[in-house]
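So this block is data_11.cif, mmCIF, C-alpha atoms:
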```cif
data_model
#
loop_
_atom_site.label_atom_id
_atom_site.label_comp_id
_atom_site.auth_asym_id
_atom_site.auth_seq_id
_atom_site.Cartn_x
_atom_site.Cartn_y
_atom_site.Cartn_z
CA MET O 1 108.41 116.83 112.51
CA ARG O 2 106.76 116.53 115.91
CA ILE O 3 103.90 114.02 115.85
CA LEU O 4 101.29 113.36 118.54
CA SER O 5 100.44 109.69 117.95
CA ILE O 6 97.36 108.43 119.82
CA GLN O 7 97.20 104.66 119.39
CA SER O 8 97.34 101.29 121.07
CA SER O 9 100.54 99.75 122.38
CA VAL O 10 101.81 96.20 122.83
CA ALA O 11 104.82 94.94 124.77
CA TYR O 12 105.53 92.08 122.35
CA GLY O 13 105.37 92.73 118.64
CA HIS O 14 104.43 95.69 116.49
CA VAL O 15 100.97 97.20 116.15
CA GLY O 16 99.61 100.67 116.88
CA ASN O 17 102.18 102.93 118.45
CA SER O 18 104.46 99.92 118.82
CA ALA O 19 104.53 99.83 115.01
CA ALA O 20 104.44 103.54 114.22
CA VAL O 21 106.83 105.17 116.67
CA PHE O 22 110.10 103.45 115.74
CA PRO O 23 109.81 104.03 111.96
CA LEU O 24 108.99 107.69 112.54
CA GLN O 25 111.96 108.04 114.89
CA ARG O 26 114.18 106.21 112.40
CA LEU O 27 113.25 108.89 109.87
CA GLY O 28 114.36 111.53 112.36
CA HIS O 29 111.01 112.71 113.68
CA GLU O 30 109.99 113.39 117.28
CA VAL O 31 106.99 111.31 118.37
CA TRP O 32 104.83 111.89 121.42
CA PRO O 33 103.09 108.50 121.87
CA VAL O 34 99.83 108.51 123.81
CA LEU O 35 98.57 104.98 124.54
CA THR O 36 94.93 103.91 124.34
CA VAL O 37 95.63 100.33 125.46
CA HIS O 38 98.73 98.53 126.69
CA PHE O 39 98.45 94.85 125.86
CA SER O 40 100.95 92.02 126.12
CA ASN O 41 100.55 91.35 122.38
CA HIS O 42 98.19 92.12 119.51
CA THR O 43 94.74 90.56 119.54
CA GLY O 44 95.41 88.49 116.43
CA TYR O 45 96.89 85.82 118.71
CA GLY O 46 93.43 85.26 120.18
CA ALA O 47 94.62 85.82 123.76
CA TRP O 48 96.25 88.80 125.42
CA ARG O 49 96.59 90.56 128.75
CA GLY O 50 96.77 94.15 129.84
CA PRO O 51 94.60 97.21 130.33
CA LEU O 52 92.28 99.17 128.11
CA LEU O 53 92.90 102.76 129.15
CA ALA O 54 89.83 104.82 129.94
CA PRO O 55 89.19 107.75 127.59
CA SER O 56 89.40 110.06 130.58
CA ASP O 57 92.90 108.76 131.36
CA VAL O 58 94.00 109.30 127.77
CA ALA O 59 92.59 112.83 127.91
CA GLU O 60 94.59 113.45 131.09
CA VAL O 61 97.83 112.48 129.36
CA ILE O 62 97.06 114.87 126.50
CA ALA O 63 96.15 117.59 129.00
CA GLY O 64 99.52 117.04 130.66
CA ILE O 65 101.27 117.60 127.35
CA ALA O 66 99.21 120.77 126.91
CA ASP O 67 100.36 121.87 130.37
CA ARG O 68 103.92 121.88 129.06
CA GLY O 69 102.83 124.48 126.49
CA VAL O 70 104.07 122.40 123.56
CA LEU O 71 100.93 121.33 121.69
CA GLY O 72 101.45 124.25 119.34
CA ASP O 73 104.79 122.71 118.38
CA ALA O 74 103.08 119.59 117.03
CA ASP O 75 103.05 119.33 113.25
CA ALA O 76 100.61 116.41 113.10
CA VAL O 77 98.23 114.16 115.00
CA LEU O 78 98.19 110.47 114.02
CA SER O 79 95.50 107.98 115.04
CA GLY O 80 94.64 104.38 114.21
CA TYR O 81 92.16 101.92 115.69
CA GLN O 82 89.42 103.63 117.73
CA GLY O 83 87.52 101.18 119.89
CA ASP O 84 84.61 103.41 120.88
CA PRO O 85 83.20 106.88 120.19
CA ALA O 86 84.35 108.14 123.59
CA MET O 87 87.98 107.49 122.64
CA GLY O 88 87.31 109.02 119.24
CA ALA O 89 86.03 112.15 120.93
CA VAL O 90 89.24 112.40 122.96
CA ILE O 91 91.28 112.14 119.78
CA LEU O 92 89.21 114.78 118.00
CA ASP O 93 89.51 117.06 121.03
CA ALA O 94 93.28 116.66 120.79
CA VAL O 95 93.15 117.52 117.09
CA THR O 96 91.21 120.69 117.94
CA LEU O 97 93.73 121.68 120.60
CA VAL O 98 96.69 121.12 118.29
CA LYS O 99 95.14 122.91 115.32
CA THR O 100 94.03 125.83 117.47
CA ALA O 101 97.61 126.27 118.63
CA ASN O 102 99.09 125.51 115.19
CA PRO O 103 96.71 125.99 112.24
CA ASP O 104 99.26 124.39 109.90
CA ALA O 105 99.14 121.05 111.75
CA VAL O 106 97.49 118.10 110.02
CA TYR O 107 95.44 115.16 111.25
CA CYS O 108 96.19 111.75 109.72
CA CYS O 109 93.56 109.09 110.44
CA ASP O 110 93.84 105.41 109.61
CA PRO O 111 90.12 104.49 109.69
CA VAL O 112 90.56 100.93 110.93
CA MET O 113 87.32 98.96 110.71
CA GLY O 114 87.62 95.87 108.51
CA ASP O 115 89.16 94.07 105.58
CA VAL O 116 88.33 91.73 102.70
CA GLY O 117 87.66 88.21 103.95
CA ARG O 118 87.18 89.35 107.55
CA GLY O 119 84.43 91.91 107.12
CA MET O 120 84.00 94.48 109.86
CA PHE O 121 85.96 93.57 112.99
CA VAL O 122 85.17 96.62 115.13
CA ARG O 123 82.19 97.13 117.42
CA PRO O 124 78.81 97.95 115.85
CA GLY O 125 78.48 101.66 115.26
CA ILE O 126 82.21 102.33 114.95
CA PRO O 127 82.30 102.25 111.12
CA GLU O 128 79.47 104.78 110.95
CA TYR O 129 81.14 106.94 113.59
CA LEU O 130 84.40 106.94 111.63
CA ARG O 131 82.59 107.72 108.37
CA ASP O 132 80.30 110.45 109.68
CA VAL O 133 82.34 112.10 112.44
CA VAL O 134 86.06 111.31 112.29
CA VAL O 135 86.96 111.08 108.59
CA PRO O 136 85.45 114.51 107.73
CA ARG O 137 87.79 116.05 110.32
CA ALA O 138 90.92 114.43 108.90
CA ASP O 139 93.38 115.96 106.44
CA ILE O 140 94.90 112.59 105.47
CA ILE O 141 93.23 109.17 105.60
CA THR O 142 94.74 105.77 104.80
CA PRO O 143 91.91 103.23 104.34
CA ASN O 144 92.32 99.86 102.70
CA GLN O 145 90.11 99.16 99.70
CA PHE O 146 87.42 97.47 101.82
CA GLU O 147 87.25 100.46 104.15
CA LEU O 148 87.18 102.90 101.25
CA GLU O 149 84.15 101.12 99.79
CA PHE O 150 82.31 101.50 103.08
CA LEU O 151 83.26 105.15 103.47
CA ALA O 152 82.13 105.92 99.92
CA GLY O 153 79.12 103.60 99.88
CA ARG O 154 80.08 102.11 96.51
CA ALA O 155 82.00 99.24 94.93
CA THR O 156 85.48 99.69 93.42
CA ASN O 157 85.88 97.03 90.73
CA SER O 158 88.05 99.14 88.41
CA VAL O 159 90.48 102.01 88.63
CA ASP O 160 87.78 104.46 87.54
CA GLU O 161 85.42 103.22 90.24
CA LEU O 162 88.20 103.42 92.82
CA LEU O 163 88.95 107.03 91.92
CA ALA O 164 85.24 107.89 91.99
CA ALA O 165 85.01 106.41 95.49
CA VAL O 166 88.03 108.39 96.63
CA ASP O 167 86.54 111.57 95.19
CA ALA O 168 83.31 110.93 97.10
CA VAL O 169 85.21 110.56 100.37
CA ARG O 170 87.45 113.55 99.68
CA ALA O 171 84.32 115.65 99.19
CA THR O 172 83.50 115.05 102.87
CA GLY O 173 86.76 116.63 104.11
CA PRO O 174 90.12 114.85 103.70
CA ARG O 175 92.49 116.38 101.13
CA HIS O 176 94.76 113.35 100.89
CA VAL O 177 93.69 109.71 100.58
CA LEU O 178 96.03 106.73 100.47
CA VAL O 179 94.24 103.49 99.55
CA THR O 180 96.07 100.28 100.47
CA SER O 181 95.55 96.63 99.51
CA VAL O 182 93.97 97.52 96.17
CA LEU O 183 92.87 94.45 94.17
CA HIS O 184 90.29 95.61 91.61
CA GLY O 185 89.79 94.12 88.16
CA ASP O 186 92.40 96.34 86.52
CA VAL O 187 95.23 95.18 88.80
CA PRO O 188 97.42 92.49 87.17
CA GLU O 189 97.15 89.00 88.61
CA GLY O 190 99.72 88.36 91.33
CA SER O 191 100.05 92.06 92.03
CA LEU O 192 98.79 94.59 94.55
CA GLU O 193 98.38 98.33 94.24
CA VAL O 194 98.51 101.31 96.55
CA VAL O 195 96.86 104.52 95.32
CA ALA O 196 97.43 108.10 96.47
CA VAL O 197 95.00 110.90 95.59
CA SER O 198 95.20 114.62 96.37
CA ASP O 199 94.31 117.96 94.83
CA GLU O 200 97.39 117.58 92.64
CA GLY O 201 96.31 114.32 91.00
CA ALA O 202 96.25 110.55 91.51
CA TRP O 203 99.07 108.00 91.41
CA ALA O 204 99.42 104.25 91.81
CA VAL O 205 102.28 101.93 92.70
CA THR O 206 102.11 98.25 91.74
CA THR O 207 104.02 95.64 93.74
CA PRO O 208 104.12 91.84 93.75
CA LEU O 209 101.46 90.32 96.00
CA LEU O 210 103.28 88.59 98.85
CA PRO O 211 101.67 85.58 100.61
CA ILE O 212 101.61 87.35 103.97
CA THR O 213 99.12 89.50 105.90
CA PRO O 214 100.76 90.35 109.23
CA ASN O 215 99.28 92.66 111.83
CA GLY O 216 100.68 96.17 112.04
CA GLY O 217 101.45 96.77 108.39
CA GLY O 218 98.69 99.35 108.06
CA ASP O 219 99.90 101.18 111.16
CA VAL O 220 103.41 101.50 109.70
CA THR O 221 102.02 102.53 106.31
CA ALA O 222 99.96 105.38 107.78
CA ALA O 223 102.91 106.65 109.80
CA LEU O 224 105.34 106.56 106.88
CA TYR O 225 102.93 108.19 104.44
CA LEU O 226 102.21 111.00 106.89
CA ALA O 227 105.93 111.58 107.39
CA HIS O 228 106.94 111.46 103.73
CA LEU O 229 103.98 113.53 102.54
CA SER O 230 104.62 116.20 105.15
CA THR O 231 108.36 116.44 104.50
CA THR O 232 108.33 116.24 100.69
CA GLY O 233 104.95 117.79 99.85
CA SER O 234 104.67 115.25 97.04
CA PRO O 235 102.02 112.49 97.16
CA ALA O 236 103.85 110.59 94.40
CA THR O 237 107.18 110.65 96.24
CA ALA O 238 105.51 109.77 99.55
CA LEU O 239 103.76 106.85 97.83
CA GLU O 240 107.01 105.53 96.32
CA ARG O 241 108.96 105.79 99.56
CA THR O 242 106.22 104.31 101.71
CA THR O 243 105.57 101.30 99.47
CA ALA O 244 109.30 100.61 99.06
CA SER O 245 109.84 100.55 102.81
CA ILE O 246 106.74 98.49 103.58
CA PHE O 247 107.47 95.94 100.85
CA THR O 248 111.01 95.48 102.17
CA VAL O 249 109.68 95.02 105.72
CA LEU O 250 107.19 92.42 104.48
CA GLU O 251 109.91 90.62 102.49
CA ALA O 252 112.01 90.42 105.64
CA THR O 253 109.01 89.20 107.63
CA LEU O 254 108.26 86.49 105.07
CA ALA O 255 111.91 85.38 105.01
CA ALA O 256 112.02 85.22 108.81
CA GLY O 257 108.89 83.08 108.93
CA THR O 258 107.39 85.10 111.78
CA ARG O 259 103.98 86.69 112.30
CA GLU O 260 105.53 89.88 113.71
CA ILE O 261 106.69 92.41 111.15
CA GLN O 262 110.46 92.79 111.02
CA LEU O 263 110.77 96.52 111.65
CA VAL O 264 114.14 96.35 113.35
CA ALA O 265 115.68 93.96 110.82
CA ALA O 266 114.51 96.11 107.90
CA GLN O 267 115.12 99.49 109.51
CA ASP O 268 117.64 100.62 106.90
CA ALA O 269 114.91 100.45 104.25
CA ILE O 270 112.78 102.66 106.48
CA ALA O 271 115.46 105.27 107.08
CA ASN O 272 116.58 105.21 103.43
CA PRO O 273 113.73 103.90 101.24
CA PRO O 274 115.12 102.07 98.20
CA ALA O 275 114.00 103.08 94.71
CA ARG O 276 111.92 100.00 93.93
CA PHE O 277 108.45 100.85 92.62
CA PRO O 278 107.84 103.96 90.49
CA ALA O 279 104.54 105.76 90.87
CA ARG O 280 102.50 106.18 87.70
CA ARG O 281 100.04 108.98 87.27
CA LEU O 282 96.39 107.93 86.97
CA ARG O 283 95.10 111.42 86.25
#
```

Have the structure of the file written as structure tokens, please.
Amino acid sequence: MRILSIQSSVAYGHVGNSAAVFPLQRLGHEVWPVLTVHFSNHTGYGAWRGPLLAPSDVAEVIAGIADRGVLGDADAVLSGYQGDPAMGAVILDAVTLVKTANPDAVYCCDPVMGDVGRGMFVRPGIPEYLRDVVVPRADIITPNQFELEFLAGRATNSVDELLAAVDAVRATGPRHVLVTSVLHGDVPEGSLEVVAVSDEGAWAVTTPLLPITPNGGGDVTAALYLAHLSTTGSPATALERTTASIFTVLEATLAAGTREIQLVAAQDAIANPPARFPARRLR
């Protein structure tokens, strides 16, 4: 695949494009990274340095790629955190350009806005912008359970409620939804689920709940699911491969005792996902 990935970048650590590009390349895909910020490190440290790139500068980079006449070669556009509607508009413009040149291309959006325990951590208005403008334009979205509840405007305290929420969001546009960090009442204690839903059905993978919540895991998850879904055409297979790779990365991170995910150390599990967690059909 050839993937236009419009995300943040850090020099130290792994979030945004600094989390997504290497795993995609390790799987054999070409990635065209377009940076929205270039920070010294992720903001979870509480202090960082480096520039926020202006939306107009990001648009210029994309225009330069278009000048090469290659946007039609892109199979997908991938985006993560969007700090303001102006940057979101640049991303959606890029999606339009790519899809105009290649109608088979897909847009995968990780609608980053918040999480359980933290609430919304983006600027006011961004969640509504993602819900009303961005998500309806996406083919694939990868929200966590907290974000899904906001997008659907309903609680998800059981598997049936979760699927109803996904159906409500899919009705707005996206064909494929991957829900991460699922902890509703039907999930066994000490476990975590990831759920994939498409026109073909719905599947879940259950993994042990690790005592770790590092930055960048969602960025890697979105990238891997996009890649595996696009290359296999199977949501169940993409779910199994993605969760196996991510769980192995998190195990390595926990063992290393670091706050930066161990992408390089666990790269073999990215390139060749182990058969660890079978997907079970929910419907």

Please identify all polymer residues within 7 Å of region 264-273 of chain O, counting all atoms listed in the file, omitting same-chain residues fewer than 3 positions from it, and present them as a compact mmCIF listing (two decimals) with C-alpha atoms, in the coordinates of the input.
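New file out_38.txt:
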```
# COMPACT_ATOMS: atom_id res chain seq x y z
CA PRO O 23 109.81 104.03 111.96
CA ARG O 26 114.18 106.21 112.40
CA LEU O 27 113.25 108.89 109.87
CA ARG O 241 108.96 105.79 99.56
CA ALA O 244 109.30 100.61 99.06
CA SER O 245 109.84 100.55 102.81
CA THR O 248 111.01 95.48 102.17
CA VAL O 249 109.68 95.02 105.72
CA ALA O 252 112.01 90.42 105.64
```

Can you list what the PyMOL selection byres ((chain O and resi 182-184) around 9) grabs from this structure, as a ChimeraX atom specification? /O:144-146,156-159,162,179-181,185-189,191-195

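Against the coordinates shown, the PyMOL selection byres ((chain O and resi 167-175) around 8) returns Val135, Pro136, Arg137, Ala138, Asp139, Ile140, Ile141, Leu148, Leu151, Ala152, Leu163, Ala164, Ala165, Val166, His176, Val177, Ser198 and Asp199 of chain O.
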
Given the PyMOL selection byres ((chain O and resi 97) around 12) and the file above, list the residues it selects as a ChimeraX atom specification. /O:4,59,62-63,65-67,69-74,76-77,90-96,98-103,105-107

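The residue set within 8 Å of Leu282 (chain O), counting all atoms listed in the file and dropping same-chain residues fewer than 4 places from it, reads O:Gly201, O:Ala202, O:Trp203, O:Ala204.
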
Residue with the minimum atom-to-atom distance to Ser40 (chain O), picked from O:Thr253, O:Thr231, O:Ser9, O:Gln262 with only C-alpha atoms counted, is O:Ser9

With only C-alpha atoms as the atoms that count, which of O:Ala47, O:Val116, O:Leu178, O:Val122 lies nearest to Thr213 (chain O)? O:Val116

Which polymer residues have any atom within 8 Å of an atom of Gly83 (chain O), counting all atoms listed in the file, with same-chain residues fewer than 2 positions away left out, as JSON, numbers by chain? {"O": [81, 85, 87, 88, 122, 123, 126]}

Could you write out that same residue set with C-alpha atoms as an mmCIF file, in the coordinates of the input?
```cif
data_model
loop_
_atom_site.group_PDB
_atom_site.id
_atom_site.type_symbol
_atom_site.label_atom_id
_atom_site.label_comp_id
_atom_site.auth_asym_id
_atom_site.auth_seq_id
_atom_site.Cartn_x
_atom_site.Cartn_y
_atom_site.Cartn_z
ATOM 1 C CA TYR O 81 92.160 101.920 115.690
ATOM 2 C CA PRO O 85 83.200 106.880 120.190
ATOM 3 C CA MET O 87 87.980 107.490 122.640
ATOM 4 C CA GLY O 88 87.310 109.020 119.240
ATOM 5 C CA VAL O 122 85.170 96.620 115.130
ATOM 6 C CA ARG O 123 82.190 97.130 117.420
ATOM 7 C CA ILE O 126 82.210 102.330 114.950
#
```

Between CA of Val31 (chain O) and CA of Gly80 (chain O), what distance in Å does the model show, to one decimal? 14.8 Å

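Our summary of the geometry notes that CA of Ala89 (chain O) is positioned 17.3 Å from CA of Gly64 (chain O).
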
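CA of Asn17 (chain O) is positioned 28.5 Å from CA of Pro278 (chain O).
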
Sel. within 8 Å of pt (98.1, 99.1, 116.5), counting all atoms listed in the file, output as a ChimeraX atom specification: /O:7-10,14-19,42,80-81,216,219
